[in-house]
$ cat upload-v6.csv   # CSV, C-alpha atoms
chain,number,residue,atom,x,y,z
A,870,MET,CA,-44.5,7.9,-6.3
A,871,ALA,CA,-44.3,7.4,-10.1
A,872,ALA,CA,-41.8,4.8,-11.3
A,873,PRO,CA,-39.4,7.3,-12.9
A,874,LYS,CA,-39.3,9.6,-9.9
A,875,LEU,CA,-38.9,6.5,-7.6
A,876,LEU,CA,-35.9,5.3,-9.6
A,877,GLU,CA,-34.4,8.8,-9.6
A,878,ALA,CA,-34.9,9.1,-5.8
A,879,PHE,CA,-33.2,5.7,-5.2
A,880,ALA,CA,-30.4,6.6,-7.6
A,881,ARG,CA,-29.6,9.5,-5.3
A,882,VAL,CA,-29.6,7.1,-2.3
A,883,ASP,CA,-27.3,4.8,-4.2
A,884,ASP,CA,-24.9,7.7,-4.6
A,885,LEU,CA,-24.8,8.0,-0.8
A,886,LEU,CA,-24.1,4.2,-0.6
A,887,ALA,CA,-21.3,4.4,-3.1
A,888,SER,CA,-19.6,7.3,-1.3
A,889,GLY,CA,-19.9,5.6,2.1
A,890,GLN,CA,-22.1,8.4,3.5
A,891,PRO,CA,-24.7,7.6,6.2
A,892,ILE,CA,-28.4,7.4,5.5
A,893,PRO,CA,-30.3,9.1,8.3
A,894,ASN,CA,-33.3,6.8,8.5
A,895,ASN,CA,-34.7,3.7,7.1
A,896,ILE,CA,-36.9,4.3,4.0
A,897,GLU,CA,-40.4,2.8,3.8
A,898,CYS,CA,-41.0,0.1,1.2
A,899,PRO,CA,-41.7,2.0,-2.0
A,900,ILE,CA,-44.4,-0.5,-3.3
A,901,ASP,CA,-47.2,-2.6,-2.0
A,902,MET,CA,-45.6,-6.1,-2.2
A,903,ARG,CA,-48.9,-8.0,-1.8
A,904,SER,CA,-49.6,-8.3,-5.5
A,905,TYR,CA,-46.1,-9.4,-6.3
A,906,GLN,CA,-46.1,-11.9,-3.4
A,907,LYS,CA,-49.2,-13.6,-4.9
A,908,LYS,CA,-47.1,-14.2,-8.1
A,909,LEU,CA,-44.3,-15.7,-6.0
A,910,ASP,CA,-46.8,-18.0,-4.2
A,911,SER,CA,-48.3,-19.1,-7.5
A,912,ILE,CA,-44.8,-20.4,-8.5
A,913,MET,CA,-43.4,-21.7,-5.3
A,914,GLY,CA,-46.5,-22.5,-3.3
A,915,LEU,CA,-47.5,-22.4,0.3
A,916,THR,CA,-46.9,-24.6,3.3
A,917,VAL,CA,-49.6,-26.7,5.0
A,918,ASP,CA,-50.3,-23.9,7.5
A,919,GLY,CA,-50.5,-21.3,4.7
A,920,ARG,CA,-47.1,-19.6,4.9
A,921,SER,CA,-45.2,-18.5,1.7
A,922,ARG,CA,-42.3,-20.8,0.8
A,923,VAL,CA,-40.6,-17.8,-0.9
A,924,ARG,CA,-41.1,-14.3,0.3
A,925,LEU,CA,-40.2,-10.8,-1.0
A,926,GLU,CA,-38.7,-8.6,1.7
A,927,TRP,CA,-37.6,-5.0,1.9
A,928,MET,CA,-34.2,-4.8,3.5
A,929,MET,CA,-35.0,-1.6,5.4
A,930,ASP,CA,-38.1,-3.1,7.1
A,931,ALA,CA,-37.4,-4.0,10.7
A,932,LYS,CA,-40.3,-6.5,10.8
A,933,THR,CA,-38.4,-8.9,8.5
A,934,GLU,CA,-34.8,-7.7,9.0
A,935,LEU,CA,-34.5,-8.1,12.7
A,936,HIS,CA,-33.2,-11.4,14.0
A,937,ASN,CA,-31.5,-12.7,17.1
A,938,PHE,CA,-27.8,-12.5,17.4
A,939,CYS,CA,-26.0,-12.9,20.7
A,940,GLY,CA,-29.2,-12.1,22.6
A,941,GLU,CA,-29.8,-8.9,20.7
A,942,GLN,CA,-32.2,-8.1,17.8
A,943,VAL,CA,-30.0,-6.9,14.9
A,944,PHE,CA,-30.5,-6.3,11.2
A,945,LYS,CA,-29.5,-9.1,8.8
A,946,HIS,CA,-28.2,-6.6,6.2
A,947,PRO,CA,-27.0,-3.5,8.1
A,948,TYR,CA,-25.6,-0.7,6.1
A,949,TRP,CA,-25.1,1.8,9.0
A,950,ILE,CA,-25.4,1.6,12.8
A,951,TYR,CA,-26.1,4.6,14.9
A,952,ILE,CA,-25.3,4.7,18.6
A,953,ASP,CA,-28.2,6.7,20.2
A,954,SER,CA,-27.8,8.0,23.8
A,955,HIS,CA,-30.7,8.3,26.2
A,956,SER,CA,-30.7,10.0,29.5
A,957,HIS,CA,-33.1,10.2,32.5
A,958,ILE,CA,-33.0,11.2,36.1
A,959,ASP,CA,-32.9,8.4,38.6
A,960,PRO,CA,-35.7,9.3,41.1
A,961,GLY,CA,-33.9,7.7,44.1
A,962,THR,CA,-30.5,9.3,43.6
A,963,GLN,CA,-31.4,12.3,41.4
A,964,LEU,CA,-28.5,11.4,39.2
A,965,GLU,CA,-28.6,11.5,35.5
A,966,ILE,CA,-28.4,8.0,34.0
A,967,VAL,CA,-27.2,7.7,30.4
A,968,THR,CA,-27.9,4.6,28.3
A,969,GLN,CA,-27.0,3.8,24.8
A,970,SER,CA,-28.7,1.8,22.1
A,971,ARG,CA,-28.0,0.8,18.6
A,972,ARG,CA,-30.2,1.9,15.7
A,973,PHE,CA,-29.8,-0.1,12.4
A,974,ILE,CA,-30.1,1.3,8.9
A,975,GLY,CA,-30.7,-1.3,6.3
A,976,ILE,CA,-29.8,-1.4,2.6
A,977,PRO,CA,-32.4,0.0,0.2
A,978,ARG,CA,-32.9,-3.3,-1.8
A,979,PHE,CA,-35.5,-6.0,-2.2
A,980,VAL,CA,-34.5,-9.6,-1.4
A,981,VAL,CA,-36.2,-12.9,-2.1
A,982,THR,CA,-36.0,-15.2,0.8
A,983,GLU,CA,-36.8,-18.9,1.3
A,984,LEU,CA,-38.5,-20.5,4.3
A,985,HIS,CA,-36.6,-23.2,6.2
A,986,GLU,CA,-38.9,-25.1,8.4
A,987,ARG,CA,-37.9,-26.4,11.8
A,988,SER,CA,-37.8,-30.0,10.5
A,989,GLN,CA,-35.2,-29.1,7.9
A,990,ALA,CA,-32.6,-27.8,10.4
A,991,GLY,CA,-31.5,-31.1,11.8
A,992,LEU,CA,-28.2,-30.8,13.7
A,993,GLY,CA,-27.0,-27.9,11.5
A,994,TRP,CA,-28.5,-25.2,13.7
A,995,GLU,CA,-27.0,-26.5,17.0
A,996,GLN,CA,-23.6,-27.0,15.3
A,997,SER,CA,-23.7,-23.3,14.2
A,998,ARG,CA,-25.4,-21.9,17.3
A,999,TYR,CA,-22.3,-21.4,19.5
A,1000,GLY,CA,-19.0,-19.7,18.7
A,1001,TRP,CA,-16.2,-17.6,20.2
A,1002,LEU,CA,-16.9,-13.9,20.6
A,1003,ASP,CA,-14.1,-11.7,22.1
A,1004,GLY,CA,-12.6,-14.8,23.7
A,1005,VAL,CA,-15.9,-16.0,25.2
A,1006,TRP,CA,-17.9,-19.1,24.1
A,1007,THR,CA,-21.2,-17.5,23.2
A,1008,ASP,CA,-24.7,-18.5,22.2
A,1009,MET,CA,-24.9,-16.5,19.0
A,1010,LEU,CA,-28.1,-17.8,17.4
A,1011,GLY,CA,-30.2,-18.8,20.3
A,1012,PRO,CA,-32.7,-21.7,20.3
A,1013,LEU,CA,-34.1,-22.9,17.0
A,1014,PRO,CA,-37.2,-20.8,16.1
A,1015,GLU,CA,-40.4,-22.8,16.5
A,1016,GLU,CA,-41.9,-21.4,13.2
A,1017,GLY,CA,-38.6,-21.8,11.2
A,1018,TRP,CA,-36.8,-18.9,9.5
A,1019,TYR,CA,-36.4,-17.2,6.2
A,1020,ASP,CA,-32.9,-17.1,4.5
A,1021,ASP,CA,-31.7,-15.2,1.5
A,1022,LEU,CA,-32.2,-16.7,-2.0
A,1023,PHE,CA,-31.0,-13.7,-4.0
A,1024,ILE,CA,-30.8,-9.9,-3.9
A,1025,VAL,CA,-33.0,-8.0,-6.4
A,1026,ALA,CA,-30.5,-5.6,-7.9
A,1027,LYS,CA,-28.9,-4.3,-11.1
A,1028,HIS,CA,-25.4,-5.6,-11.8
A,1029,ASP,CA,-23.0,-4.3,-14.4
A,1030,GLU,CA,-19.3,-3.9,-15.1
A,1031,LEU,CA,-19.1,-1.1,-12.5
A,1032,CYS,CA,-19.8,-3.4,-9.6
A,1033,CYS,CA,-19.4,-7.2,-10.1
A,1034,GLY,CA,-19.8,-7.7,-13.9
A,1035,GLY,CA,-23.1,-9.4,-13.4
A,1036,LYS,CA,-21.8,-12.2,-11.1
A,1037,GLY,CA,-23.7,-11.0,-7.9
A,1038,SER,CA,-20.6,-11.2,-5.8
A,1039,HIS,CA,-17.2,-9.4,-5.6
A,1040,GLN,CA,-14.1,-10.8,-3.8
A,1041,GLY,CA,-16.2,-13.3,-1.9
A,1042,HIS,CA,-18.8,-10.7,-0.7
A,1043,VAL,CA,-22.4,-10.2,-1.8
A,1044,CYS,CA,-22.8,-7.4,-4.3
A,1045,TYR,CA,-25.8,-5.3,-3.8
A,1046,GLY,CA,-25.6,-3.6,-7.2
A,1047,GLY,CA,-27.9,-0.8,-8.0
A,1048,PHE,CA,-31.6,-0.3,-7.0
A,1049,LYS,CA,-34.1,-2.4,-9.0
A,1050,MET,CA,-37.8,-3.0,-8.7
A,1051,PRO,CA,-38.8,-6.7,-8.6
A,1052,GLY,CA,-40.2,-7.8,-12.0
A,1053,ASP,CA,-40.5,-10.6,-14.6
A,1054,PHE,CA,-36.8,-11.4,-14.5
A,1055,GLU,CA,-37.0,-12.5,-10.8
A,1056,LEU,CA,-40.1,-14.6,-11.6
A,1057,LYS,CA,-38.4,-16.4,-14.5
A,1058,ARG,CA,-35.4,-17.1,-12.2
A,1059,LEU,CA,-37.7,-18.6,-9.6
A,1060,ARG,CA,-39.5,-20.7,-12.2
A,1061,LYS,CA,-36.1,-22.1,-13.3
A,1062,MET,CA,-35.0,-22.8,-9.8
A,1063,ASN,CA,-38.4,-24.6,-9.1
A,1064,TYR,CA,-38.0,-26.7,-12.3
A,1065,ASN,CA,-34.4,-27.7,-11.4
A,1066,ARG,CA,-35.6,-28.7,-7.9
A,1067,ASP,CA,-38.5,-30.8,-9.2
A,1068,HIS,CA,-36.4,-32.5,-11.8
A,1069,ALA,CA,-33.3,-33.1,-9.8
A,1070,GLU,CA,-32.0,-36.6,-9.6
A,1071,VAL,CA,-32.8,-38.3,-6.3
A,1072,MET,CA,-29.5,-39.5,-4.7
A,1073,THR,CA,-30.0,-42.8,-2.9
A,1074,GLU,CA,-26.5,-44.2,-3.1
A,1075,PRO,CA,-23.8,-43.5,-0.5
A,1076,LEU,CA,-21.5,-40.6,-1.2
A,1077,ASP,CA,-18.4,-42.7,-1.7
A,1078,VAL,CA,-20.1,-44.9,-4.2
A,1079,ARG,CA,-21.4,-42.0,-6.2
A,1080,VAL,CA,-17.9,-40.4,-6.2
A,1081,ALA,CA,-16.3,-43.6,-7.4
A,1082,LYS,CA,-18.9,-44.0,-10.1
A,1083,GLU,CA,-18.6,-40.4,-11.3
A,1084,LYS,CA,-14.8,-40.8,-11.4
A,1085,GLN,CA,-15.0,-44.0,-13.5
A,1086,GLU,CA,-17.5,-42.4,-15.9
A,1087,ARG,CA,-15.2,-39.4,-16.3
A,1088,ASP,CA,-12.1,-41.6,-16.9
A,1089,ASP,CA,-14.0,-43.6,-19.5
A,1090,TRP,CA,-15.1,-40.5,-21.3
A,1091,TRP,CA,-11.5,-39.2,-21.5
A,1092,ARG,CA,-10.2,-42.5,-22.8
A,1093,ALA,CA,-12.9,-42.7,-25.4
A,1094,LYS,CA,-12.4,-39.1,-26.5
A,1095,PHE,CA,-8.6,-38.7,-26.3
A,1096,GLY,CA,-7.1,-42.1,-25.7
A,1097,GLU,CA,-6.8,-43.2,-29.4
A,1098,ALA,CA,-5.6,-39.7,-30.5
A,1099,ILE,CA,-2.8,-39.7,-27.9
A,1100,THR,CA,-1.7,-43.3,-28.8
A,1101,GLU,CA,-1.5,-42.5,-32.5
A,1102,GLY,CA,0.4,-39.3,-31.7
A,1103,LEU,CA,3.0,-41.2,-29.7
A,1104,LYS,CA,3.6,-44.0,-32.2
A,1105,PRO,CA,6.2,-42.0,-34.3
A,1106,HIS,CA,8.1,-41.2,-31.1
A,1107,ALA,CA,7.8,-44.4,-29.2
A,1108,TRP,CA,11.2,-45.6,-30.3
A,1109,ARG,CA,12.8,-42.8,-28.2
A,1110,PHE,CA,11.9,-44.8,-25.1
A,1111,GLU,CA,14.0,-47.7,-26.3
A,1112,THR,CA,17.4,-46.0,-27.0
A,1113,HIS,CA,20.0,-43.8,-25.3
A,1114,ASP,CA,22.0,-43.2,-28.4
A,1115,PRO,CA,22.5,-39.4,-28.5
A,1116,GLY,CA,23.0,-39.6,-32.3
A,1117,ARG,CA,19.6,-41.3,-32.8
A,1118,LEU,CA,17.9,-39.0,-30.3
A,1119,SER,CA,19.2,-35.8,-32.0
A,1120,ASN,CA,19.2,-36.9,-35.7
A,1121,GLY,CA,16.3,-39.3,-35.9
A,1122,ARG,CA,15.6,-43.0,-35.8
A,1123,TRP,CA,17.4,-43.7,-39.2
A,1124,HIS,CA,20.1,-41.1,-38.8
A,1125,PHE,CA,22.4,-42.6,-41.5
A,1126,ILE,CA,19.9,-41.6,-44.1
A,1127,GLY,CA,20.3,-38.2,-45.7
A,1128,LYS,CA,22.9,-35.8,-44.5
A,1129,ASN,CA,23.4,-37.6,-41.2
A,1130,ASN,CA,25.6,-40.2,-42.7
A,1131,ARG,CA,27.7,-41.4,-39.7
A,1132,GLY,CA,28.3,-44.8,-41.4
A,1133,GLY,CA,29.9,-43.3,-44.5
A,1134,PHE,CA,27.5,-44.9,-47.0
A,1135,THR,CA,27.4,-43.7,-50.5
A,1136,ASP,CA,24.1,-42.6,-52.1
A,1137,ALA,CA,23.9,-45.9,-54.0
A,1138,GLU,CA,24.5,-47.9,-50.9
A,1139,ARG,CA,21.8,-46.0,-49.0
A,1140,LEU,CA,19.4,-46.6,-51.8
A,1141,ALA,CA,20.2,-50.3,-52.0
A,1142,LEU,CA,19.8,-50.7,-48.2
A,1143,ALA,CA,16.8,-48.4,-47.8
A,1144,ASP,CA,14.3,-51.4,-47.9
A,1145,LYS,CA,16.5,-53.5,-45.6
A,1146,PRO,CA,16.9,-51.5,-42.4
A,1147,GLY,CA,18.3,-54.5,-40.5
A,1148,LYS,CA,21.2,-55.0,-42.9
A,1149,ALA,CA,21.7,-51.2,-43.0
A,1150,GLN,CA,22.2,-51.0,-39.2
A,1151,GLN,CA,24.5,-54.1,-39.2
A,1152,ALA,CA,26.7,-52.5,-42.0
A,1153,GLU,CA,26.8,-49.2,-40.2
A,1154,LYS,CA,27.9,-50.8,-36.9
A,1155,SER,CA,30.7,-52.7,-38.7
A,1156,ILE,CA,32.0,-49.6,-40.3
A,1157,ASN,CA,31.9,-47.7,-37.0
A,1158,LYS,CA,33.9,-50.5,-35.4
A,1159,GLU,CA,36.5,-50.3,-38.2
A,1160,GLN,CA,36.8,-46.6,-37.9
A,1161,ALA,CA,37.2,-46.9,-34.1

$ encode --input "upload-v6.csv" --output "structure tokens"
Amino acid sequence: MAAPKLLEAFARVDDLLASGQPIPNNIECPIDMRSYQKKLDSIMGLTVDGRSRVRLEWMMDAKTELHNFCGEQVFKHPYWIYIDSHSHIDPGTQLEIVTQSRRFIGIPRFVVTELHERSQAGLGWEQSRYGWLDGVWTDMLGPLPEEGWYDDLFIVAKHDELCCGGKGSHQGHVCYGGFKMPGDFELKRLRKMNYNRDHAEVMTEPLDVRVAKEKQERDDWWRAKFGEAITEGLKPHAWRFETHDPGRLSNGRWHFIGKNNRGGFTDAERLALADKPGKAQQAEKSINKEQA
């Protein structure tokens, strides 16, 4: 299918998704992913046994979507689940036996996934394996896969102000945006991720030592940047911490100068004592005592 017609067809599918209407069947992958997969392999490489470290998947393909959950094979990204009924006649009793099965419909999007080898799991898999389900302690994930597993890196989709504003998530949930073909943007994103991984600092110190060191560096930076400015800004007001005199607090440190003349000084006296603040305060106190 030509690219414009393909995008138009999936735009109609997106309208169904937006309105919450069911999709009757899974849609086959619209492209041959092998050529694009080679580009991914050239960036992220292969494992020793030749498996892709990063893989492009179609989220409606049962081959890559199905995984074990509570002993059942289910889709990782289900959009719709149909309950199909099947009936047959029991040859022994001649009674009709009705059974039900679930049929999963995926989301019409591409997803880039990353391989996690068995050696990388550690204790994390076992710690996440069991959980409560309807009040029963259940083995949800099953045993660790011998060949490892692929987990999502990012969804290939268009994001705008109508969905998540380009963030890729909305209210804590993954945003699947609009249909998009994988292209150069995703390759550039992987190159950047690969570069950041290769140039990441190797952490050899214990966590508590790193946290203490980062805190000290952050405190030193703040003191160097803002400490002097804060100190200089407080100097004109530091005297307020040394007095409880409401007159000084409301009218200023030298409240007898200017209009706040509580001591009753004349203008000539204020000018004469302006360069002798100690004598000015003593004179003011004596006058205040006499007036009292």

$ atom_distance --input "upload-v6.csv" --atom1 "atom CA of Gln989 of chain A" --atom2 "atom CA of Val917 of chain A"
14.9 Å

$ atom_distance --input "upload-v6.csv" --atom1 "atom CA of Cys898 of chain A" --atom2 "atom CA of Met1050 of chain A"
10.9 Å

$ closest_residue --input "upload-v6.csv" --among "A:Pro1115, A:Gly889, A:Gly1052, A:Gly919" --to "Met902 of chain A" --atoms "all atoms listed in the file"
A:Gly1052

$ closest_residue --input "upload-v6.csv" --among "A:Glu1030, A:Glu995, A:Glu1097, A:Asp1067" --to "Met913 of chain A" --atoms "only C-alpha atoms"
A:Asp1067

$ atom_distance --input "upload-v6.csv" --atom1 "atom CA of Phe973 of chain A" --atom2 "atom CA of Pro891 of chain A"
11.1 Å

$ closest_residue --input "upload-v6.csv" --among "A:Asn894, A:Thr1100, A:Ser904, A:Ser956" --to "Asp930 of chain A" --atoms "only C-alpha atoms"
A:Asn894

$ closest_residue --input "upload-v6.csv" --among "A:Asn1063, A:Ile974, A:Asp884, A:Pro1051" --to "Asp901 of chain A" --atoms "only C-alpha atoms"
A:Pro1051

$ residues_around --input "upload-v6.csv" --residues "segment 1034-1049 of chain A" --least-positions-apart "3" --cutoff "7 Å" --atoms "only C-alpha atoms" --output "PyMOL selection string"
chain A and resi 879+883+978+1024-1031

$ write_last_selection --input "upload-v6.csv" --atoms "C-alpha atoms" --output "short mmCIF file (atom, residue, chain, number, x, y, z; two decimals), keeping the file's coordinate frame"
data_model
loop_
_atom_site.label_atom_id
_atom_site.label_comp_id
_atom_site.auth_asym_id
_atom_site.auth_seq_id
_atom_site.Cartn_x
_atom_site.Cartn_y
_atom_site.Cartn_z
CA PHE A 879 -33.20 5.70 -5.20
CA ASP A 883 -27.30 4.80 -4.20
CA ARG A 978 -32.90 -3.30 -1.80
CA ILE A 1024 -30.80 -9.90 -3.90
CA VAL A 1025 -33.00 -8.00 -6.40
CA ALA A 1026 -30.50 -5.60 -7.90
CA LYS A 1027 -28.90 -4.30 -11.10
CA HIS A 1028 -25.40 -5.60 -11.80
CA ASP A 1029 -23.00 -4.30 -14.40
CA GLU A 1030 -19.30 -3.90 -15.10
CA LEU A 1031 -19.10 -1.10 -12.50
#

$ closest_residue --input "upload-v6.csv" --among "A:Ile912, A:Cys1032, A:Asp1020, A:Ala1098" --to "Ala887 of chain A" --atoms "all atoms listed in the file"
A:Cys1032

$ closest_residue --input "upload-v6.csv" --among "A:Val1078, A:Ile896, A:Val981, A:Ile1099" --to "Leu1022 of chain A" --atoms "only C-alpha atoms"
A:Val981

$ closest_atom_pairs --input "upload-v6.csv" --of "segment 955-1008 of chain A" --to "segment 937-945 of chain A" --cutoff "9 Å" --atoms "only C-alpha atoms" --output "Markdown table"
| residue | atom | partner | partner_atom | distance |
| --- | --- | --- | --- | --- |
| A:Arg971 | CA | A:Val943 | CA | 8.8 |
| A:Arg972 | CA | A:Val943 | CA | 8.8 |
| A:Phe973 | CA | A:Phe944 | CA | 6.4 |
| A:Ile974 | CA | A:Phe944 | CA | 8.0 |
| A:Gly975 | CA | A:Phe944 | CA | 7.0 |
| A:Thr1007 | CA | A:Cys939 | CA | 7.1 |
| A:Asp1008 | CA | A:Cys939 | CA | 5.9 |

$ residues_around --input "upload-v6.csv" --residues "Ser911 of chain A" --least-positions-apart "2" --cutoff "12 Å" --atoms "all atoms listed in the file" --output "PDB file with C-alpha atoms, in the frame of the given file"
ATOM      1  CA  SER A 904     -49.600  -8.300  -5.500  1.00  0.00           C
ATOM      2  CA  TYR A 905     -46.100  -9.400  -6.300  1.00  0.00           C
ATOM      3  CA  GLN A 906     -46.100 -11.900  -3.400  1.00  0.00           C
ATOM      4  CA  LYS A 907     -49.200 -13.600  -4.900  1.00  0.00           C
ATOM      5  CA  LYS A 908     -47.100 -14.200  -8.100  1.00  0.00           C
ATOM      6  CA  LEU A 909     -44.300 -15.700  -6.000  1.00  0.00           C
ATOM      7  CA  MET A 913     -43.400 -21.700  -5.300  1.00  0.00           C
ATOM      8  CA  GLY A 914     -46.500 -22.500  -3.300  1.00  0.00           C
ATOM      9  CA  LEU A 915     -47.500 -22.400   0.300  1.00  0.00           C
ATOM     10  CA  SER A 921     -45.200 -18.500   1.700  1.00  0.00           C
ATOM     11  CA  ARG A 922     -42.300 -20.800   0.800  1.00  0.00           C
ATOM     12  CA  VAL A 923     -40.600 -17.800  -0.900  1.00  0.00           C
ATOM     13  CA  ARG A 924     -41.100 -14.300   0.300  1.00  0.00           C
ATOM     14  CA  LEU A1056     -40.100 -14.600 -11.600  1.00  0.00           C
ATOM     15  CA  LEU A1059     -37.700 -18.600  -9.600  1.00  0.00           C
ATOM     16  CA  ARG A1060     -39.500 -20.700 -12.200  1.00  0.00           C
ATOM     17  CA  ASN A1063     -38.400 -24.600  -9.100  1.00  0.00           C
TER      18      ASN A1063
END
